[in-house]
Amino acid sequence: MTWSESNTSVREIEMTKAEKRKKQRQEQKWALIQEIQTAHQSGKNISNLAKEYELDRKTVKKYLQLTTPPLIHRRKRKTPMSPFLNRVIELEAQGHTIPSIDSLLRKEGYSGTFSAVRTSVEKIRRNRKRNDPSMLEHRISRKQLAYWIWTPRHQLSEKEIMDLEQCLESYSNVRPIYEMVQDYREAIRQADYHRFLRWLRHQLSDSKQPFYPYARRLRSDLQAVKHAFLLPYSNGVLEGQINRLKTIKRMMYGRAGLALLEKRVLYRL
C-alpha cells in the first residue's frame, strides 16, 4: 500500500553503490584532465603528455579542449527486460509489488531474471523521488498492515494509528475487514459468546465474506468453541504436555530405550 504527501523537510536522496562508484570515476577522470591541462600550460607538449600518461595523442588533445567535466554516454545494451520497460512502469504505477510484476511479465513472454525486474522497479521509484523530492512516499507492507489490523487500537503508537487510518482511507475495501477482525477479537477478549455467534452468522451468510472458510471450520466444532467461551476450564495444559512428550519421543526414536525416555520425561517434571 502506498500514498504520497508533502515533504516539508526535503532531503537529498541517497545514491546507490553503483551511482557512487560512477561519480567517483567521473571525479577521478576530471582530476586527471585538469592535471594534464596544468602540465601542458607549464610547457609540456602533447607527445610527451601522451607518453607520460600512457594515452593516445587524440585523447590528450581532446582533454586539453575541455572546460567542464566530460559527460559519459554509454550505449545501453539490449536485454530481455528492454521490451518490457514501459509495461513495468505501468504496473508499478498501479501499485503492484515486485513479485506480482515479475509474475505478470512472465505471462506476457518475459524470460529474464527476477533481479532484473527488481532493479528496474527500484530505479523507477528512485527516479520518481528525485524528480519530485517535495513528495514523501509511504509504503506499508502487507505483513505490517496485517499486524495493525489484528492488534487492538490502544496498543498501537500514534504514528501507527495515523498510518493505519491512512491505509483505511486510501483503500476502502480494507476497512470492513479491519472492523470484522476487531469485532471478532473483542468477542474473544470479553468471552462474549452471543457476540461471537452474531459474527459467525454474518460470515456464514454469504460465501463471498472474507472469513467464510474460517467460519465454516468454527461451526463444524461449535460445541468445543462454546465450551471455550462459557467454561473456565481449558485443555491447553494437557495439549502442551502431549506435544512435549511426542517431541521427546521423536528425538529419541531409534536411539534409546524406554528407560532413558522415562528419565527424560520425569526430568522435565
# chains A, B, ... in the order shown; residues from 1 in each chain; ligands from 1

$ residues_around --residues "segment 210-215 of chain A" --least-positions-apart "4" --cutoff "8 Å" --atoms "only C-alpha atoms" --output "list in words"
Ile177, Leu200, Gln203, Leu204, Asp206 and Arg219 of chain A

$ write_last_selection --atoms "C-alpha atoms" --output "PDB file, in the first residue's frame"
ATOM      1  CA  ILE A 177     -12.010  -6.427   7.073  1.00  0.00           C
ATOM      2  CA  LEU A 200     -20.214 -16.196  12.883  1.00  0.00           C
ATOM      3  CA  GLN A 203     -19.645 -14.592   7.956  1.00  0.00           C
ATOM      4  CA  LEU A 204     -21.732 -17.648   7.033  1.00  0.00           C
ATOM      5  CA  ASP A 206     -22.529 -15.241   2.156  1.00  0.00           C
ATOM      6  CA  ARG A 219     -19.106 -24.086  13.014  1.00  0.00           C
TER       7      ARG A 219
END

$ select_by_dssp --residues "segment 62-259 of chain A" --states "alpha helix (DSSP H)" --output "MDAnalysis selection string"
chainID A and resid 62:65 85:93 98:107 114:131 142:150 158:170 174:189 193:204 212:220 222:230 236:252 258:259

$ select_by_dssp --residues "segment 55-160 of chain A" --states "strand (DSSP E)" --output "VMD selection string"
chain A and resid 135 to 139

$ residues_around --residues "Met180 of chain A" --least-positions-apart "2" --cutoff "10 Å" --atoms "only C-alpha atoms" --output "list in words"
Ile149, Trp150, Arg175, Pro176, Ile177, Tyr178, Gln182, Asp183, Tyr184, Arg185, Glu186, Trp199, His202, Gln203, Pro210 and Phe211 of chain A

$ write_last_selection --atoms "all heavy atoms" --output "short mmCIF file (atom, residue, chain, number, x, y, z; two decimals), in the first residue's frame"
data_model
loop_
_atom_site.label_atom_id
_atom_site.label_comp_id
_atom_site.auth_asym_id
_atom_site.auth_seq_id
_atom_site.Cartn_x
_atom_site.Cartn_y
_atom_site.Cartn_z
N ILE A 149 -4.06 -4.60 11.77
CA ILE A 149 -5.48 -5.00 11.72
C ILE A 149 -5.83 -5.88 12.91
O ILE A 149 -6.93 -5.76 13.48
CB ILE A 149 -5.77 -5.72 10.39
CG1 ILE A 149 -5.76 -4.70 9.24
CG2 ILE A 149 -7.10 -6.45 10.44
CD1 ILE A 149 -5.95 -5.32 7.87
N TRP A 150 -4.91 -6.74 13.33
CA TRP A 150 -5.21 -7.66 14.43
C TRP A 150 -5.00 -7.02 15.80
O TRP A 150 -5.70 -7.33 16.76
CB TRP A 150 -4.34 -8.91 14.30
CG TRP A 150 -4.46 -9.84 15.48
CD1 TRP A 150 -3.53 -10.06 16.45
CD2 TRP A 150 -5.59 -10.64 15.84
NE1 TRP A 150 -3.99 -10.97 17.37
CE2 TRP A 150 -5.26 -11.34 17.02
CE3 TRP A 150 -6.85 -10.84 15.26
CZ2 TRP A 150 -6.15 -12.22 17.63
CZ3 TRP A 150 -7.73 -11.72 15.88
CH2 TRP A 150 -7.37 -12.39 17.04
N ARG A 175 -11.23 -1.45 5.16
CA ARG A 175 -11.92 -1.06 6.39
C ARG A 175 -12.92 -2.12 6.87
O ARG A 175 -12.93 -2.44 8.08
CB ARG A 175 -12.63 0.28 6.20
CG ARG A 175 -13.24 0.82 7.49
CD ARG A 175 -13.82 2.21 7.29
NE ARG A 175 -12.78 3.20 7.07
CZ ARG A 175 -12.11 3.79 8.05
NH1 ARG A 175 -12.34 3.46 9.32
NH2 ARG A 175 -11.20 4.70 7.77
N PRO A 176 -13.78 -2.71 6.00
CA PRO A 176 -14.69 -3.76 6.50
C PRO A 176 -13.93 -4.94 7.12
O PRO A 176 -14.37 -5.50 8.13
CB PRO A 176 -15.45 -4.18 5.24
CG PRO A 176 -15.36 -3.01 4.33
CD PRO A 176 -14.03 -2.40 4.59
N ILE A 177 -12.80 -5.32 6.52
CA ILE A 177 -12.01 -6.43 7.07
C ILE A 177 -11.47 -6.05 8.44
O ILE A 177 -11.50 -6.86 9.39
CB ILE A 177 -10.85 -6.78 6.11
CG1 ILE A 177 -11.41 -7.28 4.78
CG2 ILE A 177 -9.92 -7.81 6.73
CD1 ILE A 177 -10.37 -7.58 3.73
N TYR A 178 -10.99 -4.82 8.57
CA TYR A 178 -10.46 -4.35 9.86
C TYR A 178 -11.55 -4.41 10.93
O TYR A 178 -11.33 -4.88 12.06
CB TYR A 178 -9.94 -2.93 9.70
CG TYR A 178 -9.54 -2.28 11.01
CD1 TYR A 178 -8.39 -2.68 11.68
CD2 TYR A 178 -10.32 -1.27 11.56
CE1 TYR A 178 -8.02 -2.09 12.88
CE2 TYR A 178 -9.96 -0.67 12.77
CZ TYR A 178 -8.81 -1.09 13.41
OH TYR A 178 -8.46 -0.50 14.60
N GLN A 182 -11.53 -6.81 14.34
CA GLN A 182 -11.58 -6.21 15.66
C GLN A 182 -12.81 -6.67 16.43
O GLN A 182 -12.76 -6.87 17.65
CB GLN A 182 -11.57 -4.69 15.53
CG GLN A 182 -10.23 -4.11 15.10
CD GLN A 182 -9.13 -4.39 16.10
OE1 GLN A 182 -9.33 -4.26 17.31
NE2 GLN A 182 -7.96 -4.78 15.61
N ASP A 183 -13.94 -6.84 15.73
CA ASP A 183 -15.16 -7.33 16.37
C ASP A 183 -14.96 -8.76 16.87
O ASP A 183 -15.35 -9.11 17.99
CB ASP A 183 -16.32 -7.27 15.37
CG ASP A 183 -17.65 -7.62 16.01
OD1 ASP A 183 -17.82 -7.34 17.21
OD2 ASP A 183 -18.52 -8.19 15.31
N TYR A 184 -14.31 -9.58 16.05
CA TYR A 184 -14.03 -10.97 16.43
C TYR A 184 -13.08 -11.02 17.62
O TYR A 184 -13.29 -11.77 18.58
CB TYR A 184 -13.43 -11.69 15.23
CG TYR A 184 -12.94 -13.09 15.52
CD1 TYR A 184 -13.85 -14.14 15.73
CD2 TYR A 184 -11.58 -13.38 15.56
CE1 TYR A 184 -13.39 -15.43 15.98
CE2 TYR A 184 -11.13 -14.67 15.81
CZ TYR A 184 -12.04 -15.68 16.02
OH TYR A 184 -11.59 -16.94 16.27
N ARG A 185 -12.04 -10.18 17.60
CA ARG A 185 -11.07 -10.16 18.68
C ARG A 185 -11.72 -9.70 19.99
O ARG A 185 -11.44 -10.25 21.06
CB ARG A 185 -9.90 -9.25 18.32
CG ARG A 185 -8.82 -9.23 19.38
CD ARG A 185 -7.74 -8.22 19.07
NE ARG A 185 -6.77 -8.19 20.14
CZ ARG A 185 -5.68 -8.94 20.20
NH1 ARG A 185 -5.42 -9.78 19.22
NH2 ARG A 185 -4.85 -8.87 21.21
N GLU A 186 -12.58 -8.71 19.91
CA GLU A 186 -13.23 -8.19 21.12
C GLU A 186 -14.18 -9.23 21.71
O GLU A 186 -14.30 -9.34 22.94
CB GLU A 186 -13.99 -6.91 20.77
CG GLU A 186 -14.38 -6.06 21.97
CD GLU A 186 -13.18 -5.55 22.74
OE1 GLU A 186 -12.06 -5.51 22.17
OE2 GLU A 186 -13.36 -5.18 23.93
N TRP A 199 -21.20 -12.65 14.91
CA TRP A 199 -20.10 -12.54 13.95
C TRP A 199 -20.06 -13.77 13.04
O TRP A 199 -19.89 -13.65 11.83
CB TRP A 199 -18.78 -12.41 14.72
CG TRP A 199 -17.58 -12.26 13.84
CD1 TRP A 199 -17.04 -11.10 13.38
CD2 TRP A 199 -16.77 -13.32 13.31
NE1 TRP A 199 -15.94 -11.37 12.58
CE2 TRP A 199 -15.75 -12.72 12.52
CE3 TRP A 199 -16.81 -14.71 13.41
CZ2 TRP A 199 -14.78 -13.47 11.86
CZ3 TRP A 199 -15.84 -15.46 12.74
CH2 TRP A 199 -14.84 -14.83 11.98
N HIS A 202 -22.92 -13.77 10.50
CA HIS A 202 -22.66 -12.80 9.44
C HIS A 202 -21.66 -13.34 8.42
O HIS A 202 -21.85 -13.17 7.21
CB HIS A 202 -22.11 -11.50 10.06
CG HIS A 202 -21.75 -10.46 9.03
ND1 HIS A 202 -22.69 -9.85 8.24
CD2 HIS A 202 -20.55 -9.95 8.66
CE1 HIS A 202 -22.09 -8.99 7.42
NE2 HIS A 202 -20.79 -9.03 7.65
N GLN A 203 -20.64 -14.03 8.88
CA GLN A 203 -19.64 -14.59 7.96
C GLN A 203 -20.22 -15.74 7.13
O GLN A 203 -19.86 -15.91 5.96
CB GLN A 203 -18.42 -15.08 8.73
CG GLN A 203 -17.63 -13.98 9.40
CD GLN A 203 -17.12 -12.96 8.40
OE1 GLN A 203 -16.58 -13.31 7.36
NE2 GLN A 203 -17.32 -11.69 8.71
N PRO A 210 -15.08 -12.45 3.65
CA PRO A 210 -13.63 -12.75 3.69
C PRO A 210 -13.24 -13.90 4.60
O PRO A 210 -12.24 -14.57 4.35
CB PRO A 210 -13.03 -11.42 4.18
CG PRO A 210 -14.15 -10.69 4.83
CD PRO A 210 -15.38 -11.09 4.10
N PHE A 211 -14.03 -14.16 5.65
CA PHE A 211 -13.67 -15.22 6.59
C PHE A 211 -14.67 -16.38 6.54
O PHE A 211 -14.84 -17.09 7.53
CB PHE A 211 -13.60 -14.64 8.02
CG PHE A 211 -12.60 -13.54 8.16
CD1 PHE A 211 -13.02 -12.22 8.28
CD2 PHE A 211 -11.25 -13.79 8.14
CE1 PHE A 211 -12.10 -11.18 8.40
CE2 PHE A 211 -10.32 -12.78 8.26
CZ PHE A 211 -10.75 -11.46 8.38
#

$ residues_around --residues "His40 of chain A" --least-positions-apart "5" --cutoff "9 Å" --atoms "only C-alpha atoms" --output "ChimeraX atom specification"
/A:35,45-46,49,64

$ write_last_selection --atoms "N, CA, C and O atoms" --output "compact mmCIF listing (two decimals), in the first residue's frame"
# COMPACT_ATOMS: atom_id res chain seq x y z
N GLU A 35 44.93 17.83 -14.41
CA GLU A 35 46.37 17.63 -14.23
C GLU A 35 47.10 17.72 -15.57
O GLU A 35 48.17 18.34 -15.68
N ASN A 45 54.58 19.31 -24.28
CA ASN A 45 53.78 19.17 -25.50
C ASN A 45 52.92 17.91 -25.44
O ASN A 45 53.03 17.08 -24.53
N ILE A 46 52.06 17.76 -26.46
CA ILE A 46 51.08 16.67 -26.48
C ILE A 46 51.77 15.30 -26.54
O ILE A 46 51.34 14.35 -25.88
N LEU A 49 53.09 14.35 -23.11
CA LEU A 49 51.96 14.05 -22.21
C LEU A 49 51.36 12.68 -22.52
O LEU A 49 50.99 11.93 -21.61
N LEU A 64 42.61 18.51 -23.55
CA LEU A 64 43.08 19.90 -23.47
C LEU A 64 42.02 20.91 -23.89
O LEU A 64 42.07 22.08 -23.51

$ residues_around --residues "Tyr53 of chain A" --least-positions-apart "5" --cutoff "10 Å" --atoms "only C-alpha atoms" --output "count of residues only"
4

$ closest_residue --among "A:Ala31, A:Ala50, A:Ala93, A:Ala191" --to "Ala228 of chain A" --atoms "only C-alpha atoms"
A:Ala191

$ decode --residues "segment 243-259 of chain A" --atoms "N, CA and C atoms" --output "PDB file, in the first residue's frame"
ATOM      1  N   ASN A 243       2.218 -32.577  23.426  1.00  0.00           N
ATOM      2  CA  ASN A 243       3.159 -32.102  22.402  1.00  0.00           C
ATOM      3  C   ASN A 243       4.602 -32.285  22.865  1.00  0.00           C
ATOM      4  N   ARG A 244       4.864 -32.021  24.160  1.00  0.00           N
ATOM      5  CA  ARG A 244       6.220 -32.182  24.698  1.00  0.00           C
ATOM      6  C   ARG A 244       6.651 -33.643  24.652  1.00  0.00           C
ATOM      7  N   LEU A 245       5.753 -34.555  25.042  1.00  0.00           N
ATOM      8  CA  LEU A 245       6.081 -35.982  25.053  1.00  0.00           C
ATOM      9  C   LEU A 245       6.363 -36.503  23.644  1.00  0.00           C
ATOM     10  N   LYS A 246       5.552 -36.054  22.691  1.00  0.00           N
ATOM     11  CA  LYS A 246       5.759 -36.504  21.311  1.00  0.00           C
ATOM     12  C   LYS A 246       7.084 -35.971  20.756  1.00  0.00           C
ATOM     13  N   THR A 247       7.424 -34.752  21.125  1.00  0.00           N
ATOM     14  CA  THR A 247       8.687 -34.183  20.660  1.00  0.00           C
ATOM     15  C   THR A 247       9.867 -34.973  21.196  1.00  0.00           C
ATOM     16  N   ILE A 248       9.836 -35.311  22.501  1.00  0.00           N
ATOM     17  CA  ILE A 248      10.913 -36.088  23.105  1.00  0.00           C
ATOM     18  C   ILE A 248      10.996 -37.467  22.464  1.00  0.00           C
ATOM     19  N   LYS A 249       9.830 -38.076  22.211  1.00  0.00           N
ATOM     20  CA  LYS A 249       9.805 -39.418  21.626  1.00  0.00           C
ATOM     21  C   LYS A 249      10.422 -39.407  20.227  1.00  0.00           C
ATOM     22  N   ARG A 250      10.099 -38.383  19.427  1.00  0.00           N
ATOM     23  CA  ARG A 250      10.654 -38.311  18.068  1.00  0.00           C
ATOM     24  C   ARG A 250      12.163 -38.072  18.102  1.00  0.00           C
ATOM     25  N   MET A 251      12.628 -37.286  19.067  1.00  0.00           N
ATOM     26  CA  MET A 251      14.059 -37.022  19.181  1.00  0.00           C
ATOM     27  C   MET A 251      14.834 -38.297  19.514  1.00  0.00           C
ATOM     28  N   MET A 252      14.198 -39.222  20.259  1.00  0.00           N
ATOM     29  CA  MET A 252      14.899 -40.421  20.732  1.00  0.00           C
ATOM     30  C   MET A 252      14.617 -41.646  19.872  1.00  0.00           C
ATOM     31  N   TYR A 253      13.769 -41.504  18.866  1.00  0.00           N
ATOM     32  CA  TYR A 253      13.348 -42.669  18.082  1.00  0.00           C
ATOM     33  C   TYR A 253      14.549 -43.371  17.453  1.00  0.00           C
ATOM     34  N   GLY A 254      14.679 -44.667  17.734  1.00  0.00           N
ATOM     35  CA  GLY A 254      15.746 -45.466  17.150  1.00  0.00           C
ATOM     36  C   GLY A 254      17.093 -45.272  17.806  1.00  0.00           C
ATOM     37  N   ARG A 255      17.175 -44.506  18.883  1.00  0.00           N
ATOM     38  CA  ARG A 255      18.470 -44.214  19.504  1.00  0.00           C
ATOM     39  C   ARG A 255      18.537 -44.609  20.973  1.00  0.00           C
ATOM     40  N   ALA A 256      17.390 -44.815  21.618  1.00  0.00           N
ATOM     41  CA  ALA A 256      17.419 -45.123  23.053  1.00  0.00           C
ATOM     42  C   ALA A 256      16.195 -45.957  23.413  1.00  0.00           C
ATOM     43  N   GLY A 257      16.211 -46.488  24.638  1.00  0.00           N
ATOM     44  CA  GLY A 257      15.122 -47.343  25.079  1.00  0.00           C
ATOM     45  C   GLY A 257      14.159 -46.631  26.004  1.00  0.00           C
ATOM     46  N   LEU A 258      13.238 -47.427  26.581  1.00  0.00           N
ATOM     47  CA  LEU A 258      12.195 -46.869  27.440  1.00  0.00           C
ATOM     48  C   LEU A 258      12.769 -46.294  28.731  1.00  0.00           C
ATOM     49  N   ALA A 259      13.858 -46.853  29.207  1.00  0.00           N
ATOM     50  CA  ALA A 259      14.429 -46.375  30.473  1.00  0.00           C
ATOM     51  C   ALA A 259      14.885 -44.920  30.342  1.00  0.00           C
TER      52      ALA A 259
END
